[in-house]
Every structure is written in structure tokens, then in C-alpha cells.
Amino acid sequence: MLEQFAGNEWFLENHWPENRQRVRRIMNALLQRYPGRNASVLDIGCFNGYMSLLARMLGFDVTGSDAFSFVDRQMIFRDFGIHFLESNLNDPTAFPAIGDATFDAVIFAEIFEHILNHPLGVLKEIARMLKPAGLLLMTTPNPSTAANAVRVLLDRHTLWGTKSFGEVKKFGDDHAICQADIHYREYRTRELTDLLAKAGFTVQEVSYMPMGSPLNETFLKRIVKRSCLPLFRQRPFGNTQFIVATR
């Protein structure tokens, strides 16, 4: 899979090493639920398409969806037979072209925190698009950490893109603007499970995990992450929430 992004140094040296563990958890959950790979998967907020590509290489029928265009992604999707659907999750109806009960599984990774307009509405749309007993694999930052408590005490930002939040427009003339570099809100676990229940989901699993190490991270930080891995799987220390839910 990584060969398709050979010219993207930022992706190979930063994004992939930081997110590899999270992506593996998502793909393992897909394979456990659908070992025969006979499942249709919607990857919401597919970014440059790497998770869509990985799911496709594992044998799934994949549709990627995003608000932004990437030439490299278009070429990859064309070569590997991955469908694409443009969507802005801040629109009142983000997926009008998709019928009810269309997909077996939805990947919703590091996206929920970027939704401004109606987060619950997006969850309801996902539930609508999933087949009965369909699978939602969701990851989102965990704000309930000791590190964030320290940041608050030091009067520092706790959200990614907080400074930009006050500087950029949220709405155009007739639509909400999609800002991929701003976390509008990070949700505590109980808030997430409550919203998922209101959207019609049953939560099967909630767990926590750390971010991986980019190639330029210091040796000391790498050692701390590896030696404290069990600690980082607990809520007060895990950067990421991993949620498995069914419709």
C-alpha cells in the first residue's frame, strides 16, 4: 500500500507512523467481522485514500468519500476500482445520493471532531446508510487525558487548530465550510456513546490507544511510548478513542 505514496514524504514519515496502529485496529475489526471480504465499505473523510486503498487490497468493495480533491487519490481509486463520492459533512444532508441500507460497514476515522453543523445528524445519516447490524468503526481524539488537564492549568490550547478557530470563517454565502485543519469539538467517551445511542447504534467496544512515533521524534519519546504502552491504553493517557458500534 505504501508504494502508492512513495513521493509523499510527509505521509510516509509523519502521518503513517503516527496512525499505523489505529489503521491496523480498523482493518482487523473489518476482517474479524467479514472474514470472507464480501462486504461493502464506506470510508468517510478518506483524505488521500490510503485507508480506502488498504481495505480494497484486503478484498472489500470500497467507496471513499471526502470534501476535498486530490489528483493522486483519483488515480489510485481509478487503478484499484475504488468508488468515490464527494460530500461535505457540514451540509444538512451529506449523502443524498446514497440509499438506505447500502453499506455493510463504515470507517469514520478522525472525522467527527471536524464537524461543525450537526454532528448527531451525520451519525443518523451513517445509521441510515448502514445495513441492519452494519458495522461502524470510529476513532476520534480523547480529550479526557492527564496531558490536557495540564494544558488547561498552563493556559494552553487543548484542541488541534484552536488558534485558527477564531480566525477563519465557518460559513460561506449558502453553505458551511469544511475546515479539515480545525477540531471544532473533541468529545468525551460518554458524550460519544450517548450520541451514538440517539443515532440508533449499539456500542460494542470502547478502547484507547496512543499515537505512534513519527520518524523525526526524539529517541527519548520513543522509549517512553514503548515502555508505557499499557498505560497509554487507559483513558487518562490514551490519545485516541476507538469505538466499534452496530446499527
# chains A, B, ... in the order shown; residues from 1 in each chain; ligands from 1
>>> residues_around(residues="A:Ile26", least_positions_apart="5", cutoff="12 Å", atoms="only C-alpha atoms", output="list of chain:residue names")
A:Asn19, A:Arg20, A:Gln21, A:Leu31, A:Gln32, A:Arg33, A:Val41, A:Asp43, A:Met51, A:Ser52, A:Leu54, A:Ala55, A:Ala105, A:Val106, A:Ile107, A:Phe108, A:Ala109, A:Glu110, A:Leu135, A:Leu136, A:Leu137, A:Met138, A:Thr139, A:Gln241, A:Phe242, A:Ile243, A:Val244
>>> residues_around(residues="A:Phe68", least_positions_apart="5", cutoff="10 Å", atoms="only C-alpha atoms", output="PyMOL selection string")
chain A and resi 45-48+86-88+178+180
>>> closest_residue(among="A:Phe5, A:Glu125, A:Leu196, A:Val168", to="A:Met75", atoms="only C-alpha atoms")
A:Phe5
>>> residues_around(residues="A:Arg222", least_positions_apart="6", cutoff="12 Å", atoms="only C-alpha atoms", output="ChimeraX atom specification")
/A:17-18,210-216,228-229
>>> atom_distance(atom1="atom CA of A:Tyr34", atom2="atom CA of A:Phe103")
12.6 Å
>>> residues_around(residues="A:Ile82", least_positions_apart="2", cutoff="9 Å", atoms="only C-alpha atoms", output="VMD selection string")
chain A and resid 52 to 53 56 61 to 64 76 to 80 84
>>> select_by_dssp(residues="stretch 72-197 of chain A", states="helix (DSSP H, G or I)", output="NGL selection string")
:A and (72-80 or 112-114 or 119-129 or 146-153 or 162-165 or 189-197)
>>> atom_distance(atom1="atom CA of A:Ala149", atom2="atom CA of A:Arg25")
27.2 Å
>>> closest_residue(among="A:Gly59, A:Gly166, A:Pro92, A:Pro141", to="A:Pro35", atoms="only C-alpha atoms")
A:Gly59
>>> residues_around(residues="A:Thr93", least_positions_apart="4", cutoff="12 Å", atoms="only C-alpha atoms", output="compact mmCIF listing (two decimals) with C-alpha atoms, in the first residue's frame")
# COMPACT_ATOMS: atom_id res chain seq x y z
CA SER A 87 -19.51 15.01 0.46
CA ASN A 88 -19.38 17.92 2.90
CA LEU A 89 -20.34 16.68 6.34
CA ALA A 97 -27.31 10.12 -3.41
CA ILE A 98 -26.89 7.08 -1.16
CA ASN A 117 -23.05 21.96 11.72
CA HIS A 118 -24.92 18.90 13.06
CA PRO A 119 -22.78 16.04 14.40
CA LEU A 120 -25.77 13.95 15.51
CA GLY A 121 -27.30 14.39 12.06
CA VAL A 122 -24.19 12.88 10.47
CA LEU A 123 -24.37 9.89 12.81
CA LYS A 124 -28.02 9.41 11.87
CA GLU A 125 -27.05 9.56 8.18
CA ILE A 126 -24.44 6.86 8.77
CA ARG A 128 -29.40 5.20 7.63
CA HIS A 175 -23.13 26.57 2.93
CA ALA A 176 -20.98 25.54 5.86
>>> closest_residue(among="A:Ala133, A:Glu113, A:Leu12, A:Arg24", to="A:Thr202", atoms="only C-alpha atoms")
A:Ala133
>>> select_by_dssp(residues="stretch 4-245 of chain A", states="strand (DSSP E)", output="PyMOL selection string")
chain A and resi 40-44+61-66+83-86+103-109+130-141+202-209+240-245
>>> write_last_selection(atoms="N, CA and C atoms", output="CSV table (one decimal), in the first residue's frame")
chain,number,residue,atom,x,y,z
A,40,SER,N,-19.4,-4.4,1.6
A,40,SER,CA,-19.2,-3.1,1.1
A,40,SER,C,-18.9,-2.1,2.2
A,41,VAL,N,-17.9,-1.3,1.9
A,41,VAL,CA,-17.3,-0.4,3.0
A,41,VAL,C,-17.3,1.0,2.5
A,42,LEU,N,-17.8,2.0,3.3
A,42,LEU,CA,-17.8,3.4,3.0
A,42,LEU,C,-16.7,4.0,3.9
A,43,ASP,N,-15.7,4.7,3.4
A,43,ASP,CA,-14.7,5.3,4.1
A,43,ASP,C,-14.9,6.8,4.1
A,44,ILE,N,-15.5,7.4,5.2
A,44,ILE,CA,-15.9,8.8,5.2
A,44,ILE,C,-14.7,9.6,5.6
A,61,ASP,N,-15.3,-4.2,-1.2
A,61,ASP,CA,-15.8,-3.3,-2.1
A,61,ASP,C,-15.9,-1.9,-1.4
A,62,VAL,N,-15.1,-1.0,-1.9
A,62,VAL,CA,-14.9,0.2,-1.1
A,62,VAL,C,-15.4,1.5,-1.9
A,63,THR,N,-16.0,2.4,-1.2
A,63,THR,CA,-16.3,3.7,-1.6
A,63,THR,C,-15.7,4.7,-0.7
A,64,GLY,N,-14.9,5.6,-1.2
A,64,GLY,CA,-14.3,6.7,-0.4
A,64,GLY,C,-15.1,8.0,-0.6
A,65,SER,N,-15.2,8.7,0.5
A,65,SER,CA,-15.9,10.0,0.4
A,65,SER,C,-15.2,11.1,1.1
A,66,ASP,N,-15.2,12.3,0.5
A,66,ASP,CA,-14.4,13.4,1.0
A,66,ASP,C,-14.9,14.7,0.4
A,83,HIS,N,-14.6,3.3,-5.6
A,83,HIS,CA,-15.6,4.3,-6.0
A,83,HIS,C,-15.4,5.6,-5.1
A,84,PHE,N,-15.8,6.7,-5.6
A,84,PHE,CA,-15.7,8.0,-4.9
A,84,PHE,C,-17.0,8.8,-4.9
A,85,LEU,N,-17.3,9.4,-3.7
A,85,LEU,CA,-18.5,10.2,-3.6
A,85,LEU,C,-18.1,11.5,-2.9
A,86,GLU,N,-18.3,12.6,-3.5
A,86,GLU,CA,-18.0,13.9,-2.8
A,86,GLU,C,-19.0,14.2,-1.8
A,103,PHE,N,-24.5,0.0,2.8
A,103,PHE,CA,-23.2,-0.5,3.1
A,103,PHE,C,-23.2,-1.4,4.3
A,104,ASP,N,-22.3,-2.4,4.3
A,104,ASP,CA,-22.1,-3.3,5.4
A,104,ASP,C,-21.3,-2.6,6.6
A,105,ALA,N,-20.4,-1.8,6.2
A,105,ALA,CA,-19.5,-1.2,7.2
A,105,ALA,C,-19.1,0.3,6.8
A,106,VAL,N,-18.9,1.1,7.8
A,106,VAL,CA,-18.5,2.5,7.6
A,106,VAL,C,-17.2,2.7,8.5
A,107,ILE,N,-16.2,3.2,7.8
A,107,ILE,CA,-15.0,3.7,8.5
A,107,ILE,C,-15.1,5.2,8.7
A,108,PHE,N,-15.0,5.6,10.0
A,108,PHE,CA,-15.3,7.0,10.3
A,108,PHE,C,-14.1,7.5,11.3
A,109,ALA,N,-12.9,7.7,10.7
A,109,ALA,CA,-11.7,7.8,11.4
A,109,ALA,C,-11.2,9.2,11.5
A,130,LEU,N,-26.2,2.3,6.6
A,130,LEU,CA,-25.8,1.0,7.0
A,130,LEU,C,-26.9,0.0,6.9
A,131,LYS,N,-26.5,-1.2,6.5
A,131,LYS,CA,-27.5,-2.3,6.5
A,131,LYS,C,-27.8,-2.7,8.0
A,132,PRO,N,-28.9,-3.4,8.2
A,132,PRO,CA,-29.2,-3.9,9.6
A,132,PRO,C,-28.0,-4.7,10.1
A,133,ALA,N,-27.6,-4.4,11.3
A,133,ALA,CA,-26.5,-5.0,12.0
A,133,ALA,C,-25.2,-4.5,11.4
A,134,GLY,N,-25.2,-3.5,10.6
A,134,GLY,CA,-24.0,-3.0,9.9
A,134,GLY,C,-23.0,-2.4,11.0
A,135,LEU,N,-21.8,-2.3,10.6
A,135,LEU,CA,-20.6,-2.0,11.5
A,135,LEU,C,-20.2,-0.6,11.3
A,136,LEU,N,-20.0,0.1,12.4
A,136,LEU,CA,-19.4,1.4,12.4
A,136,LEU,C,-18.1,1.3,13.2
A,137,LEU,N,-17.0,1.7,12.5
A,137,LEU,CA,-15.6,1.8,13.1
A,137,LEU,C,-15.2,3.2,13.2
A,138,MET,N,-15.1,3.7,14.4
A,138,MET,CA,-15.0,5.1,14.6
A,138,MET,C,-13.8,5.4,15.5
A,139,THR,N,-12.9,6.3,15.1
A,139,THR,CA,-11.9,6.8,16.0
A,139,THR,C,-12.0,8.3,16.1
A,140,THR,N,-11.6,8.9,17.2
A,140,THR,CA,-11.7,10.3,17.4
A,140,THR,C,-10.8,10.6,18.6
A,141,PRO,N,-10.2,11.9,18.7
A,141,PRO,CA,-9.3,12.2,19.8
A,141,PRO,C,-10.0,12.0,21.2
A,202,THR,N,-25.7,0.6,18.7
A,202,THR,CA,-25.4,-0.1,19.9
A,202,THR,C,-23.8,-0.2,20.0
A,203,VAL,N,-23.2,0.4,21.0
A,203,VAL,CA,-21.8,0.4,21.1
A,203,VAL,C,-21.3,-1.0,21.6
A,204,GLN,N,-20.4,-1.6,20.9
A,204,GLN,CA,-19.9,-2.9,21.2
A,204,GLN,C,-18.5,-2.9,21.9
A,205,GLU,N,-17.8,-1.8,21.6
A,205,GLU,CA,-16.4,-1.7,22.2
A,205,GLU,C,-16.0,-0.3,22.3
A,206,VAL,N,-15.3,0.1,23.4
A,206,VAL,CA,-14.6,1.4,23.5
A,206,VAL,C,-13.3,1.1,24.1
A,207,SER,N,-12.2,1.5,23.4
A,207,SER,CA,-10.9,1.4,23.9
A,207,SER,C,-10.1,2.6,23.6
A,208,TYR,N,-8.8,2.6,24.1
A,208,TYR,CA,-8.0,3.8,23.9
A,208,TYR,C,-6.6,3.3,23.5
A,209,MET,N,-5.9,4.3,22.8
A,209,MET,CA,-4.6,3.9,22.2
A,209,MET,C,-3.8,5.2,22.1
A,240,THR,N,-6.3,8.5,21.6
A,240,THR,CA,-7.3,8.2,20.6
A,240,THR,C,-8.4,7.3,21.2
A,241,GLN,N,-9.6,7.5,20.9
A,241,GLN,CA,-10.7,6.6,21.3
A,241,GLN,C,-11.1,5.8,20.1
A,242,PHE,N,-11.2,4.5,20.3
A,242,PHE,CA,-11.6,3.5,19.2
A,242,PHE,C,-12.9,2.9,19.6
A,243,ILE,N,-13.9,3.1,18.8
A,243,ILE,CA,-15.3,2.7,19.1
A,243,ILE,C,-15.8,1.8,18.0
A,244,VAL,N,-16.3,0.7,18.4
A,244,VAL,CA,-17.0,-0.3,17.5
A,244,VAL,C,-18.5,-0.3,17.8
A,245,ALA,N,-19.3,0.0,16.9
A,245,ALA,CA,-20.8,0.1,17.1
A,245,ALA,C,-21.5,-0.6,16.0
>>> atom_distance(atom1="atom CA of A:Arg156", atom2="atom CA of A:Arg190")
24.3 Å
>>> residues_around(residues="A:Ala146", least_positions_apart="5", cutoff="10 Å", atoms="only C-alpha atoms", output="JSON, numbers by chain")
{"A": [151, 152, 235, 236, 237, 238]}
>>> write_last_selection(atoms="N, CA and C atoms", output="compact mmCIF listing (two decimals), in the first residue's frame")
# COMPACT_ATOMS: atom_id res chain seq x y z
N ARG A 151 -2.43 21.00 30.24
CA ARG A 151 -2.51 22.11 29.28
C ARG A 151 -3.47 23.19 29.77
N VAL A 152 -4.59 22.77 30.33
CA VAL A 152 -5.56 23.74 30.85
C VAL A 152 -4.95 24.54 32.00
N ARG A 235 -7.85 5.33 29.66
CA ARG A 235 -8.48 6.58 29.26
C ARG A 235 -7.69 7.84 29.64
N PRO A 236 -7.11 7.96 30.84
CA PRO A 236 -6.43 9.22 31.18
C PRO A 236 -5.16 9.50 30.38
N PHE A 237 -4.71 8.50 29.60
CA PHE A 237 -3.43 8.67 28.90
C PHE A 237 -3.51 8.38 27.40
N GLY A 238 -4.54 7.72 26.95
CA GLY A 238 -4.66 7.37 25.54
C GLY A 238 -5.09 8.56 24.69
>>> closest_residue(among="A:Phe171, A:Phe60, A:Tyr184, A:Phe165", to="A:His114", atoms="only C-alpha atoms")
A:Tyr184
>>> residues_around(residues="A:Thr162", least_positions_apart="5", cutoff="10 Å", atoms="only C-alpha atoms", output="PyMOL selection string")
chain A and resi 156-157+167+181-185
>>> write_last_selection(atoms="C-alpha atoms", output="short mmCIF file (atom, residue, chain, number, x, y, z; two decimals), in the first residue's frame")
data_model
loop_
_atom_site.label_atom_id
_atom_site.label_comp_id
_atom_site.auth_asym_id
_atom_site.auth_seq_id
_atom_site.Cartn_x
_atom_site.Cartn_y
_atom_site.Cartn_z
CA ARG A 156 -2.51 26.34 26.66
CA HIS A 157 -4.61 25.11 23.74
CA GLU A 167 -9.54 33.40 12.64
CA ASP A 181 -7.37 21.67 9.90
CA ILE A 182 -9.67 22.57 12.82
CA HIS A 183 -11.11 20.44 15.61
CA TYR A 184 -14.40 22.14 16.34
CA ARG A 185 -15.09 19.86 19.30
#
>>> closest_residue(among="A:Gln234, A:Thr218, A:Thr158, A:Thr246", to="A:Ala199", atoms="only C-alpha atoms")
A:Thr246
